[in-house]
>>> print(open('data.cif').read())   # mmCIF, C-alpha atoms
data_model
loop_
_atom_site.group_PDB
_atom_site.id
_atom_site.type_symbol
_atom_site.label_atom_id
_atom_site.label_comp_id
_atom_site.auth_asym_id
_atom_site.auth_seq_id
_atom_site.Cartn_x
_atom_site.Cartn_y
_atom_site.Cartn_z
ATOM 1 C CA MET A 1 0.000 0.000 0.000
ATOM 2 C CA ASP A 2 2.826 2.383 0.894
ATOM 3 C CA ASN A 3 4.575 1.647 -2.412
ATOM 4 C CA VAL A 4 1.380 2.404 -4.344
ATOM 5 C CA LEU A 5 0.903 5.733 -2.550
ATOM 6 C CA GLU A 6 4.551 6.637 -3.115
ATOM 7 C CA LYS A 7 4.249 5.907 -6.850
ATOM 8 C CA LEU A 8 1.026 7.918 -7.060
ATOM 9 C CA TRP A 9 2.681 10.824 -5.277
ATOM 10 C CA LYS A 10 5.714 10.745 -7.588
ATOM 11 C CA THR A 11 3.428 10.532 -10.622
ATOM 12 C CA ALA A 12 1.395 13.528 -9.405
ATOM 13 C CA VAL A 13 4.552 15.558 -8.755
ATOM 14 C CA TRP A 14 5.998 14.770 -12.181
ATOM 15 C CA ALA A 15 2.663 15.527 -13.846
ATOM 16 C CA PHE A 16 2.526 18.919 -12.121
ATOM 17 C CA VAL A 17 6.134 19.732 -13.092
ATOM 18 C CA ILE A 18 5.562 18.734 -16.708
ATOM 19 C CA LEU A 19 2.325 20.743 -16.868
ATOM 20 C CA PHE A 20 4.059 23.785 -15.410
ATOM 21 C CA VAL A 21 7.005 23.561 -17.826
ATOM 22 C CA VAL A 22 4.710 23.040 -20.828
ATOM 23 C CA ASN A 23 2.632 26.093 -19.867
ATOM 24 C CA VAL A 24 5.715 28.308 -19.444
ATOM 25 C CA VAL A 25 7.233 27.125 -22.723
ATOM 26 C CA ALA A 26 3.892 27.601 -24.513
ATOM 27 C CA MET A 27 3.523 31.193 -23.249
ATOM 28 C CA ILE A 28 7.079 32.101 -24.258
ATOM 29 C CA ALA A 29 6.676 30.413 -27.631
ATOM 30 C CA THR A 30 3.446 32.321 -28.252
ATOM 31 C CA VAL A 31 5.158 35.665 -27.629
ATOM 32 C CA VAL A 32 8.177 34.747 -29.779
ATOM 33 C CA VAL A 33 6.095 33.458 -32.692
ATOM 34 C CA ASN A 34 3.746 36.444 -32.584
ATOM 35 C CA SER A 35 6.730 38.823 -32.676
ATOM 36 C CA PHE A 36 7.600 37.419 -36.107
ATOM 37 C CA GLY A 37 4.058 36.913 -37.432
ATOM 38 C CA THR A 38 2.180 39.114 -39.884
ATOM 39 C CA ARG A 39 -1.340 37.919 -39.082
ATOM 40 C CA TRP A 40 -2.424 35.233 -36.636
ATOM 41 C CA LEU A 41 -6.118 34.343 -36.616
ATOM 42 C CA ASN A 42 -7.735 30.926 -36.031
ATOM 43 C CA SER A 43 -4.613 28.937 -36.884
ATOM 44 C CA TRP A 44 -1.683 27.280 -35.134
ATOM 45 C CA LEU A 45 0.853 29.520 -36.872
ATOM 46 C CA PRO A 46 0.772 33.024 -38.388
ATOM 47 C CA ALA A 47 0.041 33.437 -42.082
ATOM 48 C CA ALA A 48 3.615 34.634 -42.715
ATOM 49 C CA PHE A 49 6.743 35.671 -40.836
ATOM 50 C CA THR A 50 8.618 38.961 -40.877
ATOM 51 C CA PHE A 51 11.273 40.930 -38.974
ATOM 52 C CA ARG A 52 9.579 44.290 -39.494
ATOM 53 C CA TRP A 53 8.003 44.280 -36.012
ATOM 54 C CA TYR A 54 11.463 44.393 -34.447
ATOM 55 C CA ALA A 55 12.401 47.363 -36.609
ATOM 56 C CA ALA A 56 9.080 49.033 -35.737
ATOM 57 C CA ALA A 57 9.572 48.393 -31.999
ATOM 58 C CA TRP A 58 13.147 49.690 -32.152
ATOM 59 C CA LYS A 59 11.968 52.926 -33.744
ATOM 60 C CA GLU A 60 8.624 53.409 -31.971
ATOM 61 C CA PHE A 61 9.849 52.664 -28.438
ATOM 62 C CA GLN A 62 13.356 54.144 -28.948
ATOM 63 C CA LEU A 63 14.915 50.891 -27.822
ATOM 64 C CA GLY A 64 18.442 52.060 -28.610
ATOM 65 C CA ASP A 65 18.215 54.811 -25.984
ATOM 66 C CA VAL A 66 16.348 52.562 -23.541
ATOM 67 C CA LEU A 67 18.959 49.798 -23.794
ATOM 68 C CA THR A 68 21.759 52.325 -23.335
ATOM 69 C CA VAL A 69 20.145 53.676 -20.157
ATOM 70 C CA THR A 70 19.404 50.128 -18.941
ATOM 71 C CA PHE A 71 22.999 48.961 -19.169
ATOM 72 C CA GLN A 72 24.385 52.241 -17.835
ATOM 73 C CA ILE A 73 22.267 51.800 -14.708
ATOM 74 C CA ALA A 74 23.028 48.075 -14.464
ATOM 75 C CA GLY A 75 26.758 48.683 -14.966
ATOM 76 C CA ALA A 76 26.866 51.348 -12.247
ATOM 77 C CA VAL A 77 24.951 49.092 -9.842
ATOM 78 C CA VAL A 78 27.304 46.176 -10.556
ATOM 79 C CA VAL A 79 30.464 48.255 -10.032
ATOM 80 C CA LEU A 80 29.226 49.839 -6.803
ATOM 81 C CA SER A 81 27.964 46.483 -5.487
ATOM 82 C CA ALA A 82 31.370 44.922 -6.113
ATOM 83 C CA LEU A 83 33.308 47.849 -4.582
ATOM 84 C CA PHE A 84 31.301 47.803 -1.355
ATOM 85 C CA GLY A 85 30.063 44.213 -1.328
ATOM 86 C CA VAL A 86 33.342 42.305 -1.574
ATOM 87 C CA PRO A 87 35.004 44.009 1.459
ATOM 88 C CA ALA A 88 31.773 43.560 3.441
ATOM 89 C CA ALA A 89 31.603 39.879 2.459
ATOM 90 C CA TYR A 90 35.256 39.428 3.467
ATOM 91 C CA ALA A 91 34.603 40.954 6.891
ATOM 92 C CA LEU A 92 31.577 38.732 7.453
ATOM 93 C CA ALA A 93 33.404 35.606 6.255
ATOM 94 C CA ARG A 94 36.647 36.141 8.193
ATOM 95 C CA ARG A 95 35.681 38.053 11.332
ATOM 96 C CA ASP A 96 33.526 37.235 14.348
ATOM 97 C CA PHE A 97 32.132 40.239 16.175
ATOM 98 C CA PRO A 98 29.203 41.021 18.486
ATOM 99 C CA GLY A 99 25.960 41.353 16.558
ATOM 100 C CA LYS A 100 27.174 39.457 13.485
ATOM 101 C CA PRO A 101 23.962 37.342 13.243
ATOM 102 C CA LEU A 102 21.922 40.556 13.362
ATOM 103 C CA VAL A 103 24.024 42.050 10.556
ATOM 104 C CA MET A 104 23.446 38.913 8.452
ATOM 105 C CA VAL A 105 19.699 39.191 9.043
ATOM 106 C CA LEU A 106 19.770 42.855 7.982
ATOM 107 C CA PHE A 107 21.568 41.865 4.762
ATOM 108 C CA LEU A 108 18.968 39.180 4.092
ATOM 109 C CA LEU A 109 15.924 41.398 4.678
ATOM 110 C CA PRO A 110 16.022 43.250 1.316
ATOM 111 C CA LEU A 111 16.228 39.856 -0.404
ATOM 112 C CA LEU A 112 13.336 38.306 1.529
ATOM 113 C CA VAL A 113 10.949 41.271 1.764
ATOM 114 C CA PRO A 114 8.950 42.127 -1.399
ATOM 115 C CA PRO A 115 10.549 45.198 -3.037
ATOM 116 C CA ILE A 116 7.270 47.136 -3.099
ATOM 117 C CA THR A 117 7.123 47.147 0.726
ATOM 118 C CA PHE A 118 10.290 49.209 1.096
ATOM 119 C CA GLY A 119 10.173 50.689 -2.401
ATOM 120 C CA VAL A 120 7.428 53.208 -1.621
ATOM 121 C CA PRO A 121 9.143 54.812 1.432
ATOM 122 C CA LEU A 122 12.492 54.649 -0.383
ATOM 123 C CA ALA A 123 11.017 56.462 -3.399
ATOM 124 C CA THR A 124 9.472 59.048 -1.041
ATOM 125 C CA VAL A 125 12.880 59.784 0.460
ATOM 126 C CA LEU A 126 14.493 60.023 -2.993
ATOM 127 C CA TYR A 127 11.786 62.444 -4.145
ATOM 128 C CA LYS A 128 12.378 64.624 -1.091
ATOM 129 C CA VAL A 129 16.120 64.876 -1.748
ATOM 130 C CA GLY A 130 15.595 65.442 -5.475
ATOM 131 C CA LEU A 131 17.123 62.198 -6.746
ATOM 132 C CA ALA A 132 13.948 60.455 -7.911
ATOM 133 C CA GLY A 133 13.484 60.647 -11.656
ATOM 134 C CA THR A 134 17.245 60.658 -12.254
ATOM 135 C CA MET A 135 19.633 57.853 -13.119
ATOM 136 C CA TRP A 136 21.364 58.187 -9.743
ATOM 137 C CA GLY A 137 18.032 57.756 -7.999
ATOM 138 C CA VAL A 138 17.395 54.515 -9.909
ATOM 139 C CA ILE A 139 20.935 53.327 -9.177
ATOM 140 C CA ILE A 140 20.566 53.975 -5.429
ATOM 141 C CA ALA A 141 17.169 52.237 -5.348
ATOM 142 C CA ASN A 142 18.554 49.149 -7.105
ATOM 143 C CA LEU A 143 21.585 49.054 -4.808
ATOM 144 C CA VAL A 144 19.328 48.400 -1.791
ATOM 145 C CA PRO A 145 18.653 44.730 -2.745
ATOM 146 C CA THR A 146 21.646 44.201 -5.057
ATOM 147 C CA LEU A 147 24.406 45.087 -2.569
ATOM 148 C CA PRO A 148 23.213 42.513 0.045
ATOM 149 C CA PHE A 149 22.763 39.995 -2.791
ATOM 150 C CA THR A 150 26.418 40.465 -3.776
ATOM 151 C CA VAL A 151 27.565 40.148 -0.157
ATOM 152 C CA ILE A 152 25.614 36.933 0.466
ATOM 153 C CA LEU A 153 26.816 35.454 -2.833
ATOM 154 C CA MET A 154 30.486 36.259 -2.221
ATOM 155 C CA ILE A 155 30.718 34.871 1.333
ATOM 156 C CA PRO A 156 30.937 31.170 0.263
ATOM 157 C CA PHE A 157 33.660 31.969 -2.284
ATOM 158 C CA ILE A 158 35.727 33.777 0.360
ATOM 159 C CA GLU A 159 35.254 30.949 2.863
ATOM 160 C CA GLN A 160 36.697 28.476 0.329
ATOM 161 C CA ILE A 161 40.041 30.300 0.411
ATOM 162 C CA ASP A 162 42.329 28.823 3.048
ATOM 163 C CA PRO A 163 43.337 31.560 5.562
ATOM 164 C CA LYS A 164 46.836 30.059 5.459
ATOM 165 C CA VAL A 165 47.228 31.495 1.951
ATOM 166 C CA GLU A 166 46.682 34.990 3.330
ATOM 167 C CA ALA A 167 48.979 34.304 6.287
ATOM 168 C CA ALA A 168 51.733 33.139 3.914
ATOM 169 C CA ALA A 169 51.361 36.310 1.846
ATOM 170 C CA ARG A 170 51.673 38.375 5.029
ATOM 171 C CA VAL A 171 54.830 36.476 6.003
ATOM 172 C CA PHE A 172 56.418 37.350 2.659
ATOM 173 C CA GLY A 173 55.706 41.024 3.220
ATOM 174 C CA ALA A 174 52.456 41.613 1.359
ATOM 175 C CA GLY A 175 50.528 44.603 2.654
ATOM 176 C CA THR A 176 46.741 44.842 2.771
ATOM 177 C CA GLY A 177 46.457 46.348 -0.715
ATOM 178 C CA ARG A 178 48.832 43.870 -2.342
ATOM 179 C CA LEU A 179 47.194 40.976 -0.494
ATOM 180 C CA PHE A 180 43.777 42.006 -1.758
ATOM 181 C CA PHE A 181 44.643 42.743 -5.399
ATOM 182 C CA HIS A 182 47.387 40.164 -6.018
ATOM 183 C CA VAL A 183 46.158 37.244 -3.889
ATOM 184 C CA LEU A 184 42.460 37.483 -3.094
ATOM 185 C CA VAL A 185 41.098 39.028 -6.302
ATOM 186 C CA PRO A 186 42.603 36.331 -8.626
ATOM 187 C CA LEU A 187 41.227 33.597 -6.346
ATOM 188 C CA LEU A 188 37.837 35.308 -6.098
ATOM 189 C CA LEU A 189 37.575 36.139 -9.807
ATOM 190 C CA PRO A 190 35.058 33.355 -10.680
ATOM 191 C CA GLY A 191 32.819 34.336 -7.773
ATOM 192 C CA LEU A 192 33.211 38.039 -8.529
ATOM 193 C CA LEU A 193 32.243 37.508 -12.168
ATOM 194 C CA ALA A 194 29.256 35.382 -11.167
ATOM 195 C CA ALA A 195 28.105 37.903 -8.564
ATOM 196 C CA SER A 196 28.489 40.777 -11.037
ATOM 197 C CA LEU A 197 26.597 39.022 -13.818
ATOM 198 C CA LEU A 198 23.790 37.910 -11.508
ATOM 199 C CA ALA A 199 23.599 41.431 -10.065
ATOM 200 C CA MET A 200 23.251 42.753 -13.611
ATOM 201 C CA VAL A 201 20.464 40.280 -14.350
ATOM 202 C CA ARG A 202 18.726 41.292 -11.127
ATOM 203 C CA THR A 203 19.013 44.998 -11.953
ATOM 204 C CA VAL A 204 17.795 44.602 -15.538
ATOM 205 C CA SER A 205 14.780 42.606 -14.344
ATOM 206 C CA MET A 206 13.975 44.771 -11.287
ATOM 207 C CA PHE A 207 10.611 46.399 -12.038
ATOM 208 C CA GLU A 208 9.136 47.722 -8.774
ATOM 209 C CA LEU A 209 12.023 49.871 -7.514
ATOM 210 C CA THR A 210 12.864 51.181 -10.980
ATOM 211 C CA PHE A 211 9.228 51.970 -11.747
ATOM 212 C CA LEU A 212 8.859 53.951 -8.511
ATOM 213 C CA THR A 213 12.034 56.008 -8.965
ATOM 214 C CA ALA A 214 12.582 56.325 -12.739
ATOM 215 C CA GLY A 215 11.844 59.397 -14.829
ATOM 216 C CA PRO A 216 11.337 59.817 -18.585
ATOM 217 C CA SER A 217 15.105 59.692 -19.234
ATOM 218 C CA SER A 218 15.978 56.985 -16.688
ATOM 219 C CA GLN A 219 13.630 54.124 -17.591
ATOM 220 C CA THR A 220 15.090 50.663 -17.937
ATOM 221 C CA LEU A 221 13.821 48.186 -20.511
ATOM 222 C CA VAL A 222 11.350 46.452 -18.196
ATOM 223 C CA VAL A 223 9.707 49.754 -17.216
ATOM 224 C CA ALA A 224 9.599 50.917 -20.833
ATOM 225 C CA LEU A 225 7.926 47.617 -21.723
ATOM 226 C CA TYR A 226 5.267 48.205 -19.059
ATOM 227 C CA TYR A 227 4.537 51.709 -20.343
ATOM 228 C CA SER A 228 4.352 50.480 -23.936
ATOM 229 C CA VAL A 229 1.690 47.938 -22.957
ATOM 230 C CA PHE A 230 -0.496 50.214 -20.831
ATOM 231 C CA ALA A 231 0.060 53.615 -22.458
ATOM 232 C CA ALA A 232 -2.831 55.311 -24.215
ATOM 233 C CA GLY A 233 -3.250 54.752 -27.939
ATOM 234 C CA VAL A 234 -3.298 51.795 -30.291
ATOM 235 C CA ARG A 235 -0.127 49.760 -30.807
ATOM 236 C CA ALA A 236 0.488 46.592 -32.754
ATOM 237 C CA GLY A 237 0.662 43.600 -30.441
ATOM 238 C CA GLN A 238 3.515 42.187 -32.515
ATOM 239 C CA SER A 239 5.684 45.253 -31.785
ATOM 240 C CA ILE A 240 5.106 44.874 -28.050
ATOM 241 C CA ASP A 241 5.912 41.165 -28.269
ATOM 242 C CA ALA A 242 9.094 41.997 -30.184
ATOM 243 C CA MET A 243 10.072 44.353 -27.370
ATOM 244 C CA ALA A 244 9.309 41.593 -24.842
ATOM 245 C CA VAL A 245 11.531 39.142 -26.742
ATOM 246 C CA ILE A 246 14.401 41.656 -26.725
ATOM 247 C CA TYR A 247 13.943 42.017 -22.953
ATOM 248 C CA MET A 248 13.887 38.249 -22.409
ATOM 249 C CA MET A 249 16.995 37.705 -24.519
ATOM 250 C CA SER A 250 18.948 40.531 -22.852
ATOM 251 C CA THR A 251 18.262 38.932 -19.455
ATOM 252 C CA LEU A 252 18.729 35.320 -20.535
ATOM 253 C CA ILE A 253 22.114 35.904 -22.172
ATOM 254 C CA TRP A 254 23.584 37.424 -18.997
ATOM 255 C CA LEU A 255 22.093 34.627 -16.865
ATOM 256 C CA ILE A 256 23.594 31.901 -19.065
ATOM 257 C CA ILE A 257 27.003 33.601 -18.922
ATOM 258 C CA ALA A 258 26.755 33.840 -15.122
ATOM 259 C CA LEU A 259 25.938 30.151 -14.789
ATOM 260 C CA ARG A 260 29.144 29.353 -16.663
ATOM 261 C CA PHE A 261 31.127 30.770 -13.740
ATOM 262 C CA VAL A 262 29.173 29.588 -10.705
ATOM 263 C CA ASN A 263 27.523 26.442 -9.433
ATOM 264 C CA PRO A 264 24.032 27.440 -8.185
ATOM 265 C CA THR A 265 24.508 25.293 -5.069
ATOM 266 C CA GLN A 266 27.296 27.645 -3.976
ATOM 267 C CA ILE A 267 24.708 30.363 -3.434
ATOM 268 C CA VAL A 268 22.960 28.419 -0.681
ATOM 269 C CA ALA A 269 25.734 26.175 0.619
ATOM 270 C CA ARG A 270 29.158 26.921 2.035
ATOM 271 C CA VAL A 271 31.584 24.623 0.289
ATOM 272 C CA LYS A 272 34.827 24.169 2.183
ATOM 273 C CA LYS A 273 37.863 22.092 1.349
ATOM 274 C CA SER A 274 38.436 19.007 3.488
ATOM 275 C CA PRO A 275 41.346 19.333 5.902
ATOM 276 C CA ALA A 276 44.495 17.588 4.751
#
>>> encode(input="data.cif", output="structure tokens")
Amino acid sequence: MDNVLEKLWKTAVWAFVILFVVNVVAMIATVVVNSFGTRWLNSWLPAAFTFRWYAAAWKEFQLGDVLTVTFQIAGAVVVLSALFGVPAAYALARRDFPGKPLVMVLFLLPLLVPPITFGVPLATVLYKVGLAGTMWGVIIANLVPTLPFTVILMIPFIEQIDPKVEAAARVFGAGTGRLFFHVLVPLLLPGLLAASLLAMVRTVSMFELTFLTAGPSSQTLVVALYYSVFAAGVRAGQSIDAMAVIYMMSTLIWLIIALRFVNPTQIVARVKKSPA
């Protein structure tokens, strides 16, 4: 009886997973196919295929300017997250101090709490100081969840480095700066690249905080896509789908590159070398 129930449970789980995957793939495929279709009525496929919707979306939605702003904001967020996040991760990985668990909880909060809950008061503060509606306002808003994300991601990579390596460098006369740039950075390069790429993906896909703080000249691609869907007027659905495909591809490419440098299990597990 137990074996029968176990098989039924496994079958139900696999059926649910397959149904979920099929639905996701079908929705994505519908958007992609429609972005190339001329007309699509009462048939499995459009009457013909064309690239003109991508050209129309590029011109109508000014995607060149939007993509430039998107990657300027994402690049600034990535650089600032690395500059402040790596030293913070090193301190948390190597040092024990009073209140360290509380600090870890504070770093986790922006990752666990829905962005809209702290996005509204954050946007209010940025509007009061005159930064909302500017690129710097969007960058600061995106740093709130991205900086802790970088810190949490870098801690396991730092913990994998044997402290004896740092001690040996100190013995041979390496100062703090030389130790960091000539010893730690080369060892941390895979983790740093992974953290940077994942931070870029997170920034490009962050809608709530960017929507609340962006202005006409500081919209990222995801916010521009939202406005193109809900703005007044009549727009071809194929052009909007073409814009959505560009957004999906810009995010997917960076995610695939990031996964080439990091094992996803390292994000949630601290992998340490066995003692000799």
>>> atom_distance(input="data.cif", atom1="CA of Leu108 (chain A)", atom2="CA of Phe20 (chain A)")
29.0 Å
>>> resolve_selection(input="data.cif", expression="the PyMOL selection byres ((chain A and resi 29-42) around 8)", output="list in words")
Val25, Ala26, Met27, Ile28, Ser43, Trp44, Leu45, Pro46, Ala47, Ala48, Phe49, Thr50, Phe51, Arg52, Trp53, Tyr54, Gln238, Ser239, Ile240, Asp241, Ala242, Ala244 and Val245 of chain A
>>> write_last_selection(input="data.cif", atoms="C-alpha atoms", output="mmCIF file, in the coordinates of the input")
data_model
loop_
_atom_site.group_PDB
_atom_site.id
_atom_site.type_symbol
_atom_site.label_atom_id
_atom_site.label_comp_id
_atom_site.auth_asym_id
_atom_site.auth_seq_id
_atom_site.Cartn_x
_atom_site.Cartn_y
_atom_site.Cartn_z
ATOM 1 C CA VAL A 25 7.233 27.125 -22.723
ATOM 2 C CA ALA A 26 3.892 27.601 -24.513
ATOM 3 C CA MET A 27 3.523 31.193 -23.249
ATOM 4 C CA ILE A 28 7.079 32.101 -24.258
ATOM 5 C CA SER A 43 -4.613 28.937 -36.884
ATOM 6 C CA TRP A 44 -1.683 27.280 -35.134
ATOM 7 C CA LEU A 45 0.853 29.520 -36.872
ATOM 8 C CA PRO A 46 0.772 33.024 -38.388
ATOM 9 C CA ALA A 47 0.041 33.437 -42.082
ATOM 10 C CA ALA A 48 3.615 34.634 -42.715
ATOM 11 C CA PHE A 49 6.743 35.671 -40.836
ATOM 12 C CA THR A 50 8.618 38.961 -40.877
ATOM 13 C CA PHE A 51 11.273 40.930 -38.974
ATOM 14 C CA ARG A 52 9.579 44.290 -39.494
ATOM 15 C CA TRP A 53 8.003 44.280 -36.012
ATOM 16 C CA TYR A 54 11.463 44.393 -34.447
ATOM 17 C CA GLN A 238 3.515 42.187 -32.515
ATOM 18 C CA SER A 239 5.684 45.253 -31.785
ATOM 19 C CA ILE A 240 5.106 44.874 -28.050
ATOM 20 C CA ASP A 241 5.912 41.165 -28.269
ATOM 21 C CA ALA A 242 9.094 41.997 -30.184
ATOM 22 C CA ALA A 244 9.309 41.593 -24.842
ATOM 23 C CA VAL A 245 11.531 39.142 -26.742
#
>>> resolve_selection(input="data.cif", expression="the PyMOL selection byres ((chain A and resi 189-206) around 8)", output="ChimeraX atom specification")
/A:70-71,74-75,77-79,81-82,142,146,149-150,153-154,157,185-188,207-210,220-222,251,254-255,257-259,261-262
>>> write_last_selection(input="data.cif", atoms="C-alpha atoms", output="PDB file, in the coordinates of the input")
ATOM      1  CA  THR A  70      19.404  50.128 -18.941  1.00  0.00           C
ATOM      2  CA  PHE A  71      22.999  48.961 -19.169  1.00  0.00           C
ATOM      3  CA  ALA A  74      23.028  48.075 -14.464  1.00  0.00           C
ATOM      4  CA  GLY A  75      26.758  48.683 -14.966  1.00  0.00           C
ATOM      5  CA  VAL A  77      24.951  49.092  -9.842  1.00  0.00           C
ATOM      6  CA  VAL A  78      27.304  46.176 -10.556  1.00  0.00           C
ATOM      7  CA  VAL A  79      30.464  48.255 -10.032  1.00  0.00           C
ATOM      8  CA  SER A  81      27.964  46.483  -5.487  1.00  0.00           C
ATOM      9  CA  ALA A  82      31.370  44.922  -6.113  1.00  0.00           C
ATOM     10  CA  ASN A 142      18.554  49.149  -7.105  1.00  0.00           C
ATOM     11  CA  THR A 146      21.646  44.201  -5.057  1.00  0.00           C
ATOM     12  CA  PHE A 149      22.763  39.995  -2.791  1.00  0.00           C
ATOM     13  CA  THR A 150      26.418  40.465  -3.776  1.00  0.00           C
ATOM     14  CA  LEU A 153      26.816  35.454  -2.833  1.00  0.00           C
ATOM     15  CA  MET A 154      30.486  36.259  -2.221  1.00  0.00           C
ATOM     16  CA  PHE A 157      33.660  31.969  -2.284  1.00  0.00           C
ATOM     17  CA  VAL A 185      41.098  39.028  -6.302  1.00  0.00           C
ATOM     18  CA  PRO A 186      42.603  36.331  -8.626  1.00  0.00           C
ATOM     19  CA  LEU A 187      41.227  33.597  -6.346  1.00  0.00           C
ATOM     20  CA  LEU A 188      37.837  35.308  -6.098  1.00  0.00           C
ATOM     21  CA  PHE A 207      10.611  46.399 -12.038  1.00  0.00           C
ATOM     22  CA  GLU A 208       9.136  47.722  -8.774  1.00  0.00           C
ATOM     23  CA  LEU A 209      12.023  49.871  -7.514  1.00  0.00           C
ATOM     24  CA  THR A 210      12.864  51.181 -10.980  1.00  0.00           C
ATOM     25  CA  THR A 220      15.090  50.663 -17.937  1.00  0.00           C
ATOM     26  CA  LEU A 221      13.821  48.186 -20.511  1.00  0.00           C
ATOM     27  CA  VAL A 222      11.350  46.452 -18.196  1.00  0.00           C
ATOM     28  CA  THR A 251      18.262  38.932 -19.455  1.00  0.00           C
ATOM     29  CA  TRP A 254      23.584  37.424 -18.997  1.00  0.00           C
ATOM     30  CA  LEU A 255      22.093  34.627 -16.865  1.00  0.00           C
ATOM     31  CA  ILE A 257      27.003  33.601 -18.922  1.00  0.00           C
ATOM     32  CA  ALA A 258      26.755  33.840 -15.122  1.00  0.00           C
ATOM     33  CA  LEU A 259      25.938  30.151 -14.789  1.00  0.00           C
ATOM     34  CA  PHE A 261      31.127  30.770 -13.740  1.00  0.00           C
ATOM     35  CA  VAL A 262      29.173  29.588 -10.705  1.00  0.00           C
TER      36      VAL A 262
END
>>> atom_distance(input="data.cif", atom1="CA of Phe61 (chain A)", atom2="CA of Leu225 (chain A)")
8.6 Å
>>> residues_around(input="data.cif", residues="Ser218 (chain A)", least_positions_apart="2", cutoff="7 Å", atoms="all atoms listed in the file", output="mmCIF file with C-alpha atoms, keeping the file's coordinate frame")
data_model
loop_
_atom_site.group_PDB
_atom_site.id
_atom_site.type_symbol
_atom_site.label_atom_id
_atom_site.label_comp_id
_atom_site.auth_asym_id
_atom_site.auth_seq_id
_atom_site.Cartn_x
_atom_site.Cartn_y
_atom_site.Cartn_z
ATOM 1 C CA VAL A 69 20.145 53.676 -20.157
ATOM 2 C CA GLY A 133 13.484 60.647 -11.656
ATOM 3 C CA THR A 134 17.245 60.658 -12.254
ATOM 4 C CA MET A 135 19.633 57.853 -13.119
ATOM 5 C CA ALA A 214 12.582 56.325 -12.739
ATOM 6 C CA GLY A 215 11.844 59.397 -14.829
ATOM 7 C CA PRO A 216 11.337 59.817 -18.585
ATOM 8 C CA THR A 220 15.090 50.663 -17.937
#
>>> closest_residue(input="data.cif", among="A:Tyr127, A:Tyr90, A:Trp136, A:Phe118", to="Ile155 (chain A)", atoms="all atoms listed in the file")
A:Tyr90
>>> atom_distance(input="data.cif", atom1="CA of Val183 (chain A)", atom2="CA of Leu143 (chain A)")
27.3 Å
>>> closest_residue(input="data.cif", among="A:Ala236, A:Val86, A:Asn23, A:Thr213", to="Gly130 (chain A)", atoms="only C-alpha atoms")
A:Thr213
>>> resolve_selection(input="data.cif", expression="the PyMOL selection byres ((chain A and resi 165) around 12)", output="list in words")
Ile158, Gln160, Ile161, Asp162, Pro163, Lys164, Glu166, Ala167, Ala168, Ala169, Arg170, Val171, Phe172, Ala174, Leu179, Phe180, His182, Val183, Leu184 and Leu187 of chain A
>>> closest_residue(input="data.cif", among="A:Ser217, A:Pro115, A:Pro87, A:Ile152", to="Asp65 (chain A)", atoms="all atoms listed in the file")
A:Ser217
>>> closest_residue(input="data.cif", among="A:Phe107, A:Gly237, A:Thr68, A:Ala93", to="Pro156 (chain A)", atoms="all atoms listed in the file")
A:Ala93
